[in-house]
Amino acid sequence: MADLITKGMHGCSREDEYVRPENPLIQERLEWFQDQKLALMMHFGIYSQMGICESWPLSSEDADWSRKGVSWESDEKTFRDQYVSMNKSFNPVCIRPDQWAEFAKENGFKYLIFTTKHHDGFCMFDTKYTDYKITSPDCPFHTHKYADIAKHVFDAFREKDIAIAAYFSKPDWHCPWYWAENMDLPVGHWRNPTYNPKEHPEIWDKYVEFTHNQIMELMENYGRIDILWLDGGQVNPKNNQDVRLSEVVARARKIQPWLITADRTVGGENENYITPEQSIPTSPIRVPWESCVTVGTAFSYRYDEKYKSSRDLVNLLIDVVCRGGNLALNIAPQPNGMLPAEGARSIAGMGKWLKANGEAIYGTRMTAPNEDGAFAFTKKEGVTYALMRLNENETLPEKVLIPWPGEVKKITLLGANAEVAFEKTESGYAASIPYPMIGTNPIAPAFKME
């Protein structure tokens, strides 16, 4: 396993330590997963209303990076009380799950990763095991018709044939059996329990039961769940925090036998795919994987956020797919529940590109070579695709050289739906660009080579 969590950035488990699932159905579902290529990820919770980093400021150990750029209350306990009390003001009355789902469908997303609970413990679903939840009477949103946000979001996305991944935090910093009072360490000291679970099994066992109960609520009450996306890699047996995950996964699969589990950064039988965060591997990974990357700079909403361009997003997607992975693209809703306009425009530009060129993305696999200079290559059913990554001010010449070593009989430019003339050279194939596109600067021309 890789060195895991440092400075608030999660690494990912190593490819050479990946444990291939023995269950044939899970193997089949991982093939399905690798066909999907693009996920919409959404971090949404009480932290959204303040425009701050999600959960992490609660941990003093992580204050140096998670509290930057904000004028915080200097007294630790007062600050934590203020954060925890944000449930009493969270009221995203403009949320429209059907509009979120329509946006995702229109722009080519194939599955959703939604935060049912982040590390702060605030639940975006109607759990019966804590009152710290969106449907509690002390949360003003509890009277809204979409009060059980996770349920309505999941239902709306399923209506659009978008698969569901339930993000669930294994650590719960609100639970009295994780950050327990009057123990070895003060509440909020670090991201781990305030006690040694081996020395206090009576407390830890309550926490394990609590965690299992909440996971099973999601499995039993929230419709089909395709992926259980588990965050908080410090909760693992090697760190004396064994939540007996295999037990609850076995129970979950009795209800949802197709369930993929992503036990992030932990490795072993429950990390069915690995998950680089805010980074793109520079070379192919030959086991199932998914990079989670933000449209802006952060996973949670920021008032002064700067968003990537449509070209940036398309190039990210191409980089990921040609190296064998999926892209989980995170856009954080505003406190009122609406999507930020600038970020949504960037995604819409990517969606427009996918309508014309998605054939070169969805359902493809890596090929060799997987990239060469500006070109990235994918393959599907005996067809190879060449995707040309252009810089912002780079225009198309009359001919482009596709550095592909294999035999080609026909080349089609997908965006123009036009067969192009070409000639074979020592370095590949010189393909003629259709006249209307010469001198233009499109986002990533895609060539289908048969």
# chains A, B, ... in the order shown; residues from 1 in each chain; ligands from 1

$ closest_atom_pairs --of "region 380-401 of chain A" --to "region 362-371 of chain A" --cutoff "12 Å" --atoms "only C-alpha atoms" --output "Markdown table"
| residue | atom | partner | partner_atom | distance |
| --- | --- | --- | --- | --- |
| A:Lys380 | CA | A:Thr364 | CA | 4.9 |
| A:Glu381 | CA | A:Thr364 | CA | 8.4 |
| A:Gly382 | CA | A:Thr364 | CA | 10.4 |
| A:Val383 | CA | A:Thr364 | CA | 9.5 |
| A:Thr384 | CA | A:Thr367 | CA | 8.1 |
| A:Tyr385 | CA | A:Thr364 | CA | 9.1 |
| A:Ala386 | CA | A:Glu371 | CA | 8.6 |
| A:Leu387 | CA | A:Glu371 | CA | 9.0 |
| A:Met388 | CA | A:Glu371 | CA | 9.8 |
| A:Arg389 | CA | A:Glu371 | CA | 10.6 |

$ select_by_dssp --residues "region 85-323 of chain A" --states "strand (DSSP E or B)" --output "NGL selection string"
:A and (111-117 or 123 or 133 or 163-169 or 227-231 or 260-263 or 271 or 274 or 277 or 289-294)

$ write_last_selection --atoms "N, CA and C atoms" --output "mmCIF file, in the first residue's frame"
data_model
loop_
_atom_site.group_PDB
_atom_site.id
_atom_site.type_symbol
_atom_site.label_atom_id
_atom_site.label_comp_id
_atom_site.auth_asym_id
_atom_site.auth_seq_id
_atom_site.Cartn_x
_atom_site.Cartn_y
_atom_site.Cartn_z
ATOM 1 N N TYR A 111 -22.378 8.127 -14.270
ATOM 2 C CA TYR A 111 -22.717 7.761 -12.898
ATOM 3 C C TYR A 111 -22.471 8.948 -11.985
ATOM 4 N N LEU A 112 -23.155 8.938 -10.844
ATOM 5 C CA LEU A 112 -23.121 10.011 -9.860
ATOM 6 C C LEU A 112 -22.418 9.536 -8.599
ATOM 7 N N ILE A 113 -21.542 10.369 -8.042
ATOM 8 C CA ILE A 113 -20.968 10.119 -6.716
ATOM 9 C C ILE A 113 -21.445 11.260 -5.820
ATOM 10 N N PHE A 114 -22.294 10.955 -4.853
ATOM 11 C CA PHE A 114 -22.911 11.993 -4.017
ATOM 12 C C PHE A 114 -22.624 11.743 -2.550
ATOM 13 N N THR A 115 -22.280 12.806 -1.831
ATOM 14 C CA THR A 115 -21.908 12.707 -0.419
ATOM 15 C C THR A 115 -23.131 12.482 0.470
ATOM 16 N N THR A 116 -23.333 11.243 0.873
ATOM 17 C CA THR A 116 -24.397 10.976 1.853
ATOM 18 C C THR A 116 -23.963 11.403 3.250
ATOM 19 N N LYS A 117 -22.658 11.333 3.524
ATOM 20 C CA LYS A 117 -22.104 11.804 4.802
ATOM 21 C C LYS A 117 -20.621 12.045 4.631
ATOM 22 N N CYS A 123 -25.487 14.044 8.090
ATOM 23 C CA CYS A 123 -26.038 13.090 7.130
ATOM 24 C C CYS A 123 -27.007 13.775 6.170
ATOM 25 N N LYS A 133 -28.690 15.404 11.015
ATOM 26 C CA LYS A 133 -29.067 15.016 9.661
ATOM 27 C C LYS A 133 -29.949 16.087 9.042
ATOM 28 N N ALA A 163 -26.108 5.821 -13.156
ATOM 29 C CA ALA A 163 -25.860 4.920 -12.031
ATOM 30 C C ALA A 163 -25.512 5.718 -10.767
ATOM 31 N N ILE A 164 -25.604 5.051 -9.625
ATOM 32 C CA ILE A 164 -25.465 5.719 -8.336
ATOM 33 C C ILE A 164 -24.279 5.175 -7.554
ATOM 34 N N ALA A 165 -23.410 6.085 -7.122
ATOM 35 C CA ALA A 165 -22.354 5.760 -6.159
ATOM 36 C C ALA A 165 -22.625 6.578 -4.900
ATOM 37 N N ALA A 166 -22.768 5.907 -3.786
ATOM 38 C CA ALA A 166 -23.013 6.578 -2.518
ATOM 39 C C ALA A 166 -21.687 6.816 -1.807
ATOM 40 N N TYR A 167 -21.283 8.090 -1.735
ATOM 41 C CA TYR A 167 -20.111 8.463 -0.947
ATOM 42 C C TYR A 167 -20.495 8.362 0.525
ATOM 43 N N PHE A 168 -19.660 7.674 1.313
ATOM 44 C CA PHE A 168 -19.919 7.517 2.740
ATOM 45 C C PHE A 168 -18.591 7.600 3.483
ATOM 46 N N SER A 169 -18.538 8.458 4.487
ATOM 47 C CA SER A 169 -17.318 8.619 5.277
ATOM 48 C C SER A 169 -17.269 7.590 6.399
ATOM 49 N N ILE A 227 -22.330 1.585 -6.547
ATOM 50 C CA ILE A 227 -20.996 1.691 -5.948
ATOM 51 C C ILE A 227 -21.125 2.255 -4.545
ATOM 52 N N LEU A 228 -20.438 1.645 -3.596
ATOM 53 C CA LEU A 228 -20.286 2.211 -2.255
ATOM 54 C C LEU A 228 -18.889 2.824 -2.200
ATOM 55 N N TRP A 229 -18.840 4.147 -2.172
ATOM 56 C CA TRP A 229 -17.590 4.918 -2.302
ATOM 57 C C TRP A 229 -17.190 5.369 -0.901
ATOM 58 N N LEU A 230 -16.238 4.667 -0.314
ATOM 59 C CA LEU A 230 -15.900 4.841 1.097
ATOM 60 C C LEU A 230 -14.657 5.697 1.260
ATOM 61 N N ASP A 231 -14.808 6.813 1.959
ATOM 62 C CA ASP A 231 -13.692 7.731 2.179
ATOM 63 C C ASP A 231 -13.235 7.647 3.636
ATOM 64 N N ILE A 260 -20.243 -2.636 -6.240
ATOM 65 C CA ILE A 260 -18.799 -2.385 -6.261
ATOM 66 C C ILE A 260 -18.457 -1.576 -5.019
ATOM 67 N N THR A 261 -17.353 -1.900 -4.378
ATOM 68 C CA THR A 261 -16.910 -1.121 -3.217
ATOM 69 C C THR A 261 -15.565 -0.480 -3.511
ATOM 70 N N ALA A 262 -15.462 0.799 -3.166
ATOM 71 C CA ALA A 262 -14.211 1.534 -3.329
ATOM 72 C C ALA A 262 -13.756 1.987 -1.945
ATOM 73 N N ASP A 263 -13.058 1.096 -1.240
ATOM 74 C CA ASP A 263 -12.543 1.412 0.095
ATOM 75 C C ASP A 263 -11.228 2.164 -0.090
ATOM 76 N N GLU A 271 -11.349 -2.768 -1.914
ATOM 77 C CA GLU A 271 -10.997 -1.650 -2.783
ATOM 78 C C GLU A 271 -11.008 -2.180 -4.220
ATOM 79 N N ILE A 274 -9.037 1.660 -7.625
ATOM 80 C CA ILE A 274 -8.213 2.609 -6.892
ATOM 81 C C ILE A 274 -8.506 4.031 -7.365
ATOM 82 N N GLU A 277 -6.485 11.169 -6.313
ATOM 83 C CA GLU A 277 -7.279 12.356 -6.000
ATOM 84 C C GLU A 277 -6.558 13.623 -6.453
ATOM 85 N N TRP A 289 -9.473 1.960 -12.193
ATOM 86 C CA TRP A 289 -9.164 3.150 -11.402
ATOM 87 C C TRP A 289 -10.009 4.328 -11.846
ATOM 88 N N GLU A 290 -10.032 5.342 -10.964
ATOM 89 C CA GLU A 290 -10.844 6.531 -11.182
ATOM 90 C C GLU A 290 -10.163 7.699 -10.488
ATOM 91 N N SER A 291 -9.887 8.766 -11.227
ATOM 92 C CA SER A 291 -9.343 9.986 -10.629
ATOM 93 C C SER A 291 -10.493 10.932 -10.304
ATOM 94 N N CYS A 292 -10.535 11.401 -9.059
ATOM 95 C CA CYS A 292 -11.514 12.435 -8.714
ATOM 96 C C CYS A 292 -10.812 13.793 -8.758
ATOM 97 N N VAL A 293 -11.320 14.661 -9.618
ATOM 98 C CA VAL A 293 -10.711 15.964 -9.882
ATOM 99 C C VAL A 293 -11.812 17.014 -9.878
ATOM 100 N N THR A 294 -11.499 18.206 -9.384
ATOM 101 C CA THR A 294 -12.507 19.250 -9.258
ATOM 102 C C THR A 294 -12.575 20.126 -10.502
#

$ atom_distance --atom1 "CA of Lys448 (chain A)" --atom2 "CA of Phe377 (chain A)"
9.9 Å

$ atom_distance --atom1 "CA of Val400 (chain A)" --atom2 "CA of Ala431 (chain A)"
5.4 Å

$ residues_around --residues "Trp56 (chain A)" --least-positions-apart "3" --cutoff "9 Å" --atoms "only C-alpha atoms" --output "count of residues only"
12

$ residues_around --residues "Asn240 (chain A)" --least-positions-apart "5" --cutoff "9 Å" --atoms "only C-alpha atoms" --output "list in words"
Asn196, Pro197, Lys198 and Val235 of chain A

$ write_last_selection --atoms "all heavy atoms" --output "PDB file, in the first residue's frame"
ATOM      1  N   ASN A 196      -7.596   4.795  21.942  1.00  0.00           N
ATOM      2  CA  ASN A 196      -7.082   3.630  21.228  1.00  0.00           C
ATOM      3  C   ASN A 196      -8.178   2.561  21.191  1.00  0.00           C
ATOM      4  O   ASN A 196      -8.571   2.038  22.244  1.00  0.00           O
ATOM      5  CB  ASN A 196      -5.838   3.095  21.938  1.00  0.00           C
ATOM      6  CG  ASN A 196      -5.181   1.953  21.185  1.00  0.00           C
ATOM      7  OD1 ASN A 196      -5.830   1.232  20.427  1.00  0.00           O
ATOM      8  ND2 ASN A 196      -3.886   1.767  21.392  1.00  0.00           N
ATOM      9  N   PRO A 197      -8.694   2.223  20.006  1.00  0.00           N
ATOM     10  CA  PRO A 197      -9.784   1.239  19.935  1.00  0.00           C
ATOM     11  C   PRO A 197      -9.435  -0.096  20.576  1.00  0.00           C
ATOM     12  O   PRO A 197     -10.330  -0.776  21.101  1.00  0.00           O
ATOM     13  CB  PRO A 197     -10.020   1.089  18.429  1.00  0.00           C
ATOM     14  CG  PRO A 197      -9.619   2.418  17.863  1.00  0.00           C
ATOM     15  CD  PRO A 197      -8.422   2.825  18.685  1.00  0.00           C
ATOM     16  N   LYS A 198      -8.167  -0.484  20.560  1.00  0.00           N
ATOM     17  CA  LYS A 198      -7.790  -1.763  21.174  1.00  0.00           C
ATOM     18  C   LYS A 198      -7.881  -1.704  22.685  1.00  0.00           C
ATOM     19  O   LYS A 198      -8.123  -2.724  23.339  1.00  0.00           O
ATOM     20  CB  LYS A 198      -6.380  -2.156  20.734  1.00  0.00           C
ATOM     21  CG  LYS A 198      -6.313  -2.608  19.282  1.00  0.00           C
ATOM     22  CD  LYS A 198      -5.032  -3.359  18.992  1.00  0.00           C
ATOM     23  CE  LYS A 198      -5.083  -4.030  17.623  1.00  0.00           C
ATOM     24  NZ  LYS A 198      -3.889  -4.836  17.337  1.00  0.00           N
ATOM     25  N   VAL A 235      -9.358   4.897   8.627  1.00  0.00           N
ATOM     26  CA  VAL A 235     -10.166   3.850   9.266  1.00  0.00           C
ATOM     27  C   VAL A 235      -9.874   2.541   8.546  1.00  0.00           C
ATOM     28  O   VAL A 235     -10.501   2.198   7.549  1.00  0.00           O
ATOM     29  CB  VAL A 235     -11.661   4.211   9.217  1.00  0.00           C
ATOM     30  CG1 VAL A 235     -12.491   3.095   9.854  1.00  0.00           C
ATOM     31  CG2 VAL A 235     -11.911   5.528   9.935  1.00  0.00           C
TER      32      VAL A 235
END

$ residues_around --residues "region 419-427 of chain A" --least-positions-apart "6" --cutoff "6 Å" --atoms "only C-alpha atoms" --output "ChimeraX atom specification"
/A:403,411-412

$ write_last_selection --atoms "N, CA and C atoms" --output "tab-separated table (two decimals), in the first residue's frame"
chain	number	residue	atom	x	y	z
A	403	PRO	N	0.52	9.80	-35.32
A	403	PRO	CA	1.65	8.87	-35.15
A	403	PRO	C	1.22	7.47	-34.70
A	411	ILE	N	-10.13	6.62	-42.30
A	411	ILE	CA	-10.08	7.57	-41.19
A	411	ILE	C	-11.28	8.51	-41.31
A	412	THR	N	-12.01	8.64	-40.20
A	412	THR	CA	-13.16	9.54	-40.14
A	412	THR	C	-12.92	10.56	-39.03

$ residues_around --residues "Glu31 (chain A)" --least-positions-apart "5" --cutoff "12 Å" --atoms "only C-alpha atoms" --output "number ranges by chain"
A: 21, 24-26, 36-37, 258, 260, 272-273, 287-289, 324-326, 363-365

$ residues_around --residues "region 81-96 of chain A" --least-positions-apart "5" --cutoff "9 Å" --atoms "only C-alpha atoms" --output "count of residues only"
34

$ select_by_dssp --residues "region 105-230 of chain A" --states "alpha helix (DSSP H)" --output "JSON, numbers by chain"
{"A": [105, 106, 149, 150, 151, 152, 153, 154, 155, 156, 157, 158, 159, 201, 202, 203, 204, 205, 206, 207, 208, 209, 210, 211, 212, 213, 214, 215, 216, 217, 218, 219, 220, 221]}

$ write_last_selection --atoms "N, CA and C atoms" --output "CSV table (one decimal), in the first residue's frame"
chain,number,residue,atom,x,y,z
A,105,LYS,N,-27.2,14.3,-17.5
A,105,LYS,CA,-27.5,13.5,-18.6
A,105,LYS,C,-27.1,14.2,-19.9
A,106,GLU,N,-27.5,15.5,-20.0
A,106,GLU,CA,-27.2,16.3,-21.2
A,106,GLU,C,-25.7,16.4,-21.5
A,149,ILE,N,-32.5,14.6,1.0
A,149,ILE,CA,-31.8,15.0,-0.3
A,149,ILE,C,-31.3,13.8,-1.0
A,150,ALA,N,-30.6,12.9,-0.3
A,150,ALA,CA,-29.9,11.7,-1.0
A,150,ALA,C,-31.0,10.9,-1.7
A,151,LYS,N,-32.1,10.7,-1.1
A,151,LYS,CA,-33.2,9.9,-1.7
A,151,LYS,C,-33.7,10.5,-3.0
A,152,HIS,N,-33.9,11.8,-3.0
A,152,HIS,CA,-34.5,12.5,-4.2
A,152,HIS,C,-33.4,12.6,-5.3
A,153,VAL,N,-32.2,12.9,-4.9
A,153,VAL,CA,-31.1,13.0,-5.9
A,153,VAL,C,-30.9,11.6,-6.5
A,154,PHE,N,-30.8,10.6,-5.7
A,154,PHE,CA,-30.6,9.2,-6.3
A,154,PHE,C,-31.8,8.9,-7.2
A,155,ASP,N,-33.0,9.1,-6.8
A,155,ASP,CA,-34.2,8.8,-7.6
A,155,ASP,C,-34.1,9.5,-9.0
A,156,ALA,N,-33.8,10.8,-8.9
A,156,ALA,CA,-33.8,11.7,-10.1
A,156,ALA,C,-32.8,11.2,-11.1
A,157,PHE,N,-31.6,10.9,-10.6
A,157,PHE,CA,-30.5,10.4,-11.5
A,157,PHE,C,-30.8,9.0,-12.1
A,158,ARG,N,-31.4,8.2,-11.3
A,158,ARG,CA,-31.8,6.9,-11.9
A,158,ARG,C,-32.8,7.0,-13.0
A,159,GLU,N,-33.7,8.0,-12.8
A,159,GLU,CA,-34.7,8.3,-13.9
A,159,GLU,C,-34.1,8.6,-15.2
A,201,PRO,N,-12.4,-1.4,23.5
A,201,PRO,CA,-13.2,-2.1,22.5
A,201,PRO,C,-14.7,-1.9,22.8
A,202,GLU,N,-15.1,-1.6,24.0
A,202,GLU,CA,-16.5,-1.4,24.3
A,202,GLU,C,-17.0,-0.2,23.6
A,203,ILE,N,-16.2,0.8,23.4
A,203,ILE,CA,-16.6,2.0,22.7
A,203,ILE,C,-16.5,1.8,21.2
A,204,TRP,N,-15.4,1.2,20.8
A,204,TRP,CA,-15.2,0.9,19.3
A,204,TRP,C,-16.3,0.0,18.7
A,205,ASP,N,-16.7,-1.0,19.5
A,205,ASP,CA,-17.7,-1.9,19.0
A,205,ASP,C,-19.0,-1.1,18.7
A,206,LYS,N,-19.3,-0.1,19.6
A,206,LYS,CA,-20.5,0.7,19.4
A,206,LYS,C,-20.4,1.5,18.1
A,207,TYR,N,-19.1,2.0,17.8
A,207,TYR,CA,-18.9,2.7,16.6
A,207,TYR,C,-19.1,1.8,15.3
A,208,VAL,N,-18.5,0.6,15.4
A,208,VAL,CA,-18.7,-0.3,14.3
A,208,VAL,C,-20.1,-0.6,14.0
A,209,GLU,N,-20.9,-0.9,15.1
A,209,GLU,CA,-22.3,-1.1,14.9
A,209,GLU,C,-23.0,0.1,14.3
A,210,PHE,N,-22.7,1.3,14.7
A,210,PHE,CA,-23.3,2.5,14.2
A,210,PHE,C,-23.0,2.6,12.7
A,211,THR,N,-21.7,2.4,12.3
A,211,THR,CA,-21.3,2.5,10.9
A,211,THR,C,-22.0,1.4,10.1
A,212,HIS,N,-22.1,0.2,10.5
A,212,HIS,CA,-22.8,-0.8,9.8
A,212,HIS,C,-24.3,-0.5,9.6
A,213,ASN,N,-24.9,0.0,10.7
A,213,ASN,CA,-26.3,0.3,10.6
A,213,ASN,C,-26.6,1.4,9.5
A,214,GLN,N,-25.7,2.4,9.5
A,214,GLN,CA,-25.9,3.5,8.5
A,214,GLN,C,-25.7,3.0,7.1
A,215,ILE,N,-24.7,2.2,6.9
A,215,ILE,CA,-24.4,1.6,5.5
A,215,ILE,C,-25.6,0.8,5.1
A,216,MET,N,-26.1,0.0,6.0
A,216,MET,CA,-27.2,-0.9,5.6
A,216,MET,C,-28.5,0.0,5.4
A,217,GLU,N,-28.7,1.1,6.0
A,217,GLU,CA,-29.8,2.0,5.7
A,217,GLU,C,-29.7,2.4,4.2
A,218,LEU,N,-28.6,2.8,3.8
A,218,LEU,CA,-28.4,3.2,2.4
A,218,LEU,C,-28.7,2.0,1.5
A,219,MET,N,-28.3,0.8,1.9
A,219,MET,CA,-28.5,-0.4,1.0
A,219,MET,C,-29.9,-0.8,1.0
A,220,GLU,N,-30.6,-0.6,2.1
A,220,GLU,CA,-32.0,-1.1,2.2
A,220,GLU,C,-33.1,-0.1,1.7
A,221,ASN,N,-32.8,1.2,1.9
A,221,ASN,CA,-33.9,2.2,1.8
A,221,ASN,C,-33.7,3.2,0.6

$ atom_distance --atom1 "CA of Ser300 (chain A)" --atom2 "CA of Ile52 (chain A)"
6.9 Å
